[in-house]
Structures are given as C-alpha cells and as structure tokens.
Amino acid sequence: MATLVLDKPSLGAGPAMQPGGRHTLAAQLDPDGLDPVSDAAIMLRAAAGDEAGFNYLAVKYHRPIFHFLFRMVRNQAIAEELAQEVFLRVYRSRQSYRAEAQFSTWLYRIATNLAVNHARDTKHERAARNVYLDAPDELTGVTPDVADDEPSVEQCLLREERMKAIRTHVMALPERQRMAVLMHKYQGMDYREIGEVLRLSESATKSLLFRAYQTLREKLKDFV
C-alpha cells in the first residue's frame with residue numbers, strides 16, 4: 001500500500017483528488033462532528049480504509065513537507081527520502097490517528113521527529129548544499145536594489161552571501177529554536193500550531209521564537 005504515497009505520479013491521478021468520492025463527502029457530517037471535507041475527517045476515513053482520501057492528503061501535503069525538510073537537511077535527495085518516510089509512517093499509523101489536534105500538526109510532528117533524528121545521525125557529515133539565488137530573502141525582509149530585470153554580478157554575489165549567512169545562522173540555532181523558526185517563517189504556522197508540534201505552551205513558543213529571532217537579528221545585522 002505504501003506505493004500510493006511513494007509514487008508521486010499515481011498520487012496525482014484521478015481518484016486521489018476526490019477523497020472518498022462525492023457521495024461520501026456530501027450531505028451528512030462526520031460521526032465525530034467534523035466537517036466532512038476537513039483534513040481530520042478525511043484522515044479518519046483513510047484510517048477506515050478510504051485509499052483515495054489518503055492519496056488526497058499525501059498530494060496536498062507532499063510539497064510543503066518536502067520544503068520543510070529541505071530547509072532542515074539542505075539536500076534535495078535526502079529531503080525527498082524523508083518526505084516519503086513521513087507519509088509511509090502516516091500510512092502505517094493511520095489507524096491510531098485521533099482528531100484531537102489538526103491533521104497538519106500531527107503530520108509536522110512526524111516530519112520534525114524524522115528531521116531531528118536525521119540531524120543527530122549525520123551531525124558529523126557534510127550535507128550537499130544547493131544555492132538558489134532566486135529564493136526569497138524572507139528572514140531579513142531585505143530585497144536587493146535592482147535597476148533592471150538582470151541583476152549585476154555584484155548583486156548576485158551579495159545576495160548569495162546574504163542567503164548563505166541566513167542559512168548558516170538558522171541551522172546554528174539550538175534545535176527547538178531552529179524547528180520553530182522554520183515552521184513559523186517558512187511554513188506559515190502560528191504559535192499554537194508550532195507549540196502543538198513541539199509540545200510547548202503558546203507562551204513558551206512565543207518566548208522560544210523571540211529568543212531565536214533576537215539571535216538571528218544580532219548575527220545578521222550586517223545584512224539588514
């Protein structure tokens with residue numbers, strides 16, 4: 001059954017985009033009182049054997065989970081492998097899912113644990129790094145001054161240097177701070193969602209992010 005998750009072309013095929021079919025989503029509410037088209041309700045039906053529902057969630061979340069993991073490991077092949085493992089674990093543990101928290105929270109908790117374990121297992125290895133000059137500089141909010149559509153060589157080098165510094169300092173943060181920044185800044189998750197993933201209160205999450213951003217502002221002050 002894992003091929004439903006791991007084979008991306010099959011994930012995007014027909015039924016995957018119609019979880020449970022129209023007849024199962026229409027009309028009545030889920031027995032648990034959930035909106036029948038919510039991720040949690042779809043996951044509960046997947047746990048009961050709705051393969052199309054599981055496919056739908058895998059398609060929906062594959063890209064954001066991949067990007068989250070890529071920012072952690074800085075290697076496309078490893079990020080893809082970990083993303084596949086995330087959905088494989090979701091599939092294997094589908095019957096134990098309880099809609100007590102958002103499906104995305106449960107999913108990111110699995111991804112976070114995998115990323116942390118990978119980082120610990122490979123902490124002495126040098127990961128391959130890919131540089132994307134056109135990636136948005138979200139952390140500092142700074143955009144290069146470009147006179148026309150083609151940046152100069154100097155502007156490209158400065159931008160590359162700035163983004164390398166951002167990556168370096170984010171990855172150098174303590175583990176929980178790094179995870180919180182990646183979820184907050186790059187995945188758009190709010191304090192409550194991050195706290196649920198990291199098993200922290202909302203106030204503790206705010207404090208964690210405040211310390212992380214304070215450190216990053218100090219380290220990146222020459223680029224602002």
# chains A, B, ... in the order shown; residues from 1 in each chain; ligands from 1
$ closest_atom_pairs --of "segment 177-213 of chain A" --to "segment 96-108 of chain A" --cutoff "12 Å" --atoms "only C-alpha atoms" --output "JSON lines"
{"residue": "A:Met179", "atom": "CA", "partner": "A:Tyr108", "partner_atom": "CA", "distance": 10.4}
{"residue": "A:Ala180", "atom": "CA", "partner": "A:Tyr108", "partner_atom": "CA", "distance": 11.3}
{"residue": "A:Leu182", "atom": "CA", "partner": "A:Tyr108", "partner_atom": "CA", "distance": 11.3}
{"residue": "A:Met183", "atom": "CA", "partner": "A:Tyr108", "partner_atom": "CA", "distance": 8.8}
{"residue": "A:Gln187", "atom": "CA", "partner": "A:Tyr108", "partner_atom": "CA", "distance": 10.1}
{"residue": "A:Gly188", "atom": "CA", "partner": "A:Ser104", "partner_atom": "CA", "distance": 11.9}
{"residue": "A:Met189", "atom": "CA", "partner": "A:Thr105", "partner_atom": "CA", "distance": 9.4}
{"residue": "A:Asp190", "atom": "CA", "partner": "A:Thr105", "partner_atom": "CA", "distance": 10.9}
{"residue": "A:Tyr191", "atom": "CA", "partner": "A:Thr105", "partner_atom": "CA", "distance": 11.7}
{"residue": "A:Arg192", "atom": "CA", "partner": "A:Thr105", "partner_atom": "CA", "distance": 9.7}
{"residue": "A:Glu193", "atom": "CA", "partner": "A:Thr105", "partner_atom": "CA", "distance": 6.3}
{"residue": "A:Ile194", "atom": "CA", "partner": "A:Thr105", "partner_atom": "CA", "distance": 7.8}
{"residue": "A:Gly195", "atom": "CA", "partner": "A:Thr105", "partner_atom": "CA", "distance": 9.3}
{"residue": "A:Glu196", "atom": "CA", "partner": "A:Thr105", "partner_atom": "CA", "distance": 6.5}
{"residue": "A:Val197", "atom": "CA", "partner": "A:Thr105", "partner_atom": "CA", "distance": 5.7}
{"residue": "A:Leu198", "atom": "CA", "partner": "A:Tyr108", "partner_atom": "CA", "distance": 9.4}
{"residue": "A:Arg199", "atom": "CA", "partner": "A:Thr105", "partner_atom": "CA", "distance": 10.4}
$ write_last_selection --atoms "N, CA and C atoms" --output "compact mmCIF listing (two decimals), in the first residue's frame"
# COMPACT_ATOMS: atom_id res chain seq x y z
N MET A 179 13.74 24.56 14.68
CA MET A 179 12.48 23.99 14.22
C MET A 179 11.36 25.04 14.24
N ALA A 180 11.31 25.82 15.32
CA ALA A 180 10.26 26.82 15.46
C ALA A 180 10.36 27.88 14.37
N LEU A 182 11.73 27.60 11.37
CA LEU A 182 11.39 27.02 10.07
C LEU A 182 9.88 26.87 9.91
N MET A 183 9.21 26.44 10.97
CA MET A 183 7.76 26.30 10.88
C MET A 183 7.06 27.66 10.82
N GLN A 187 6.83 27.94 6.86
CA GLN A 187 5.62 27.15 6.69
C GLN A 187 4.36 27.92 7.06
N GLY A 188 4.54 29.13 7.62
CA GLY A 188 3.39 29.97 7.95
C GLY A 188 2.55 29.46 9.11
N MET A 189 3.13 28.66 9.98
CA MET A 189 2.39 28.13 11.11
C MET A 189 2.36 29.14 12.24
N ASP A 190 1.25 29.19 12.98
CA ASP A 190 1.14 30.16 14.07
C ASP A 190 1.68 29.57 15.37
N TYR A 191 1.69 30.39 16.44
CA TYR A 191 2.28 29.97 17.72
C TYR A 191 1.63 28.70 18.26
N ARG A 192 0.31 28.64 18.17
CA ARG A 192 -0.41 27.49 18.71
C ARG A 192 -0.04 26.21 17.96
N GLU A 193 0.00 26.29 16.62
CA GLU A 193 0.34 25.12 15.82
C GLU A 193 1.76 24.64 16.09
N ILE A 194 2.69 25.59 16.18
CA ILE A 194 4.08 25.23 16.45
C ILE A 194 4.20 24.61 17.84
N GLY A 195 3.49 25.20 18.80
CA GLY A 195 3.51 24.67 20.16
C GLY A 195 2.99 23.25 20.23
N GLU A 196 1.97 22.94 19.43
CA GLU A 196 1.42 21.58 19.42
C GLU A 196 2.43 20.59 18.85
N VAL A 197 3.15 21.02 17.81
CA VAL A 197 4.16 20.14 17.22
C VAL A 197 5.31 19.90 18.20
N LEU A 198 5.78 20.98 18.84
CA LEU A 198 6.93 20.88 19.75
C LEU A 198 6.52 20.53 21.18
N ARG A 199 5.20 20.41 21.41
CA ARG A 199 4.67 20.10 22.74
C ARG A 199 5.05 21.18 23.76
$ atom_distance --atom1 "atom CA of Ile42 of chain A" --atom2 "atom CA of Val86 of chain A"
17.5 Å
$ residues_around --residues "His169 of chain A" --least-positions-apart "3" --cutoff "8 Å" --atoms "only C-alpha atoms" --output "number ranges by chain"
A: 165-166, 172-173, 216, 219
$ atom_distance --atom1 "atom CA of Ala47 of chain A" --atom2 "atom CA of Val116 of chain A"
26.6 Å
$ atom_distance --atom1 "atom CA of Arg120 of chain A" --atom2 "atom CA of Phe87 of chain A"
21.0 Å
$ select_by_dssp --residues "segment 149-190 of chain A" --states "helix (DSSP H, G or I)" --output "number ranges by chain"
A: 153-171, 175-186
$ write_last_selection --atoms "C-alpha atoms" --output "compact mmCIF listing (two decimals), in the first residue's frame"
# COMPACT_ATOMS: atom_id res chain seq x y z
CA VAL A 153 27.27 40.04 -10.89
CA GLU A 154 28.00 42.01 -7.72
CA GLN A 155 24.33 41.99 -6.70
CA CYS A 156 24.13 38.25 -7.28
CA LEU A 157 27.21 37.65 -5.16
CA LEU A 158 25.91 39.86 -2.35
CA ARG A 159 22.57 38.12 -2.39
CA GLU A 160 24.22 34.70 -2.37
CA GLU A 161 26.39 35.78 0.56
CA ARG A 162 23.38 37.06 2.50
CA MET A 163 21.35 33.89 1.94
CA LYS A 164 24.29 31.70 2.88
CA ALA A 165 24.62 33.67 6.12
CA ILE A 166 20.89 33.25 6.84
CA ARG A 167 21.05 29.50 6.28
CA THR A 168 24.18 29.16 8.37
CA HIS A 169 22.80 31.07 11.34
CA VAL A 170 19.37 29.44 11.23
CA MET A 171 20.94 25.99 11.18
CA GLU A 175 17.38 22.51 17.89
CA ARG A 176 13.97 23.67 19.11
CA GLN A 177 14.58 27.27 18.08
CA ARG A 178 15.59 26.13 14.60
CA MET A 179 12.48 23.99 14.22
CA ALA A 180 10.26 26.82 15.46
CA VAL A 181 11.77 29.36 13.04
CA LEU A 182 11.39 27.02 10.07
CA MET A 183 7.76 26.30 10.88
CA HIS A 184 6.93 29.94 11.65
CA LYS A 185 8.80 31.74 8.89
CA TYR A 186 8.72 29.26 6.06
$ closest_residue --among "A:Leu34, A:Val73, A:Leu209, A:Ala83" --to "Tyr61 of chain A" --atoms "only C-alpha atoms"
A:Ala83
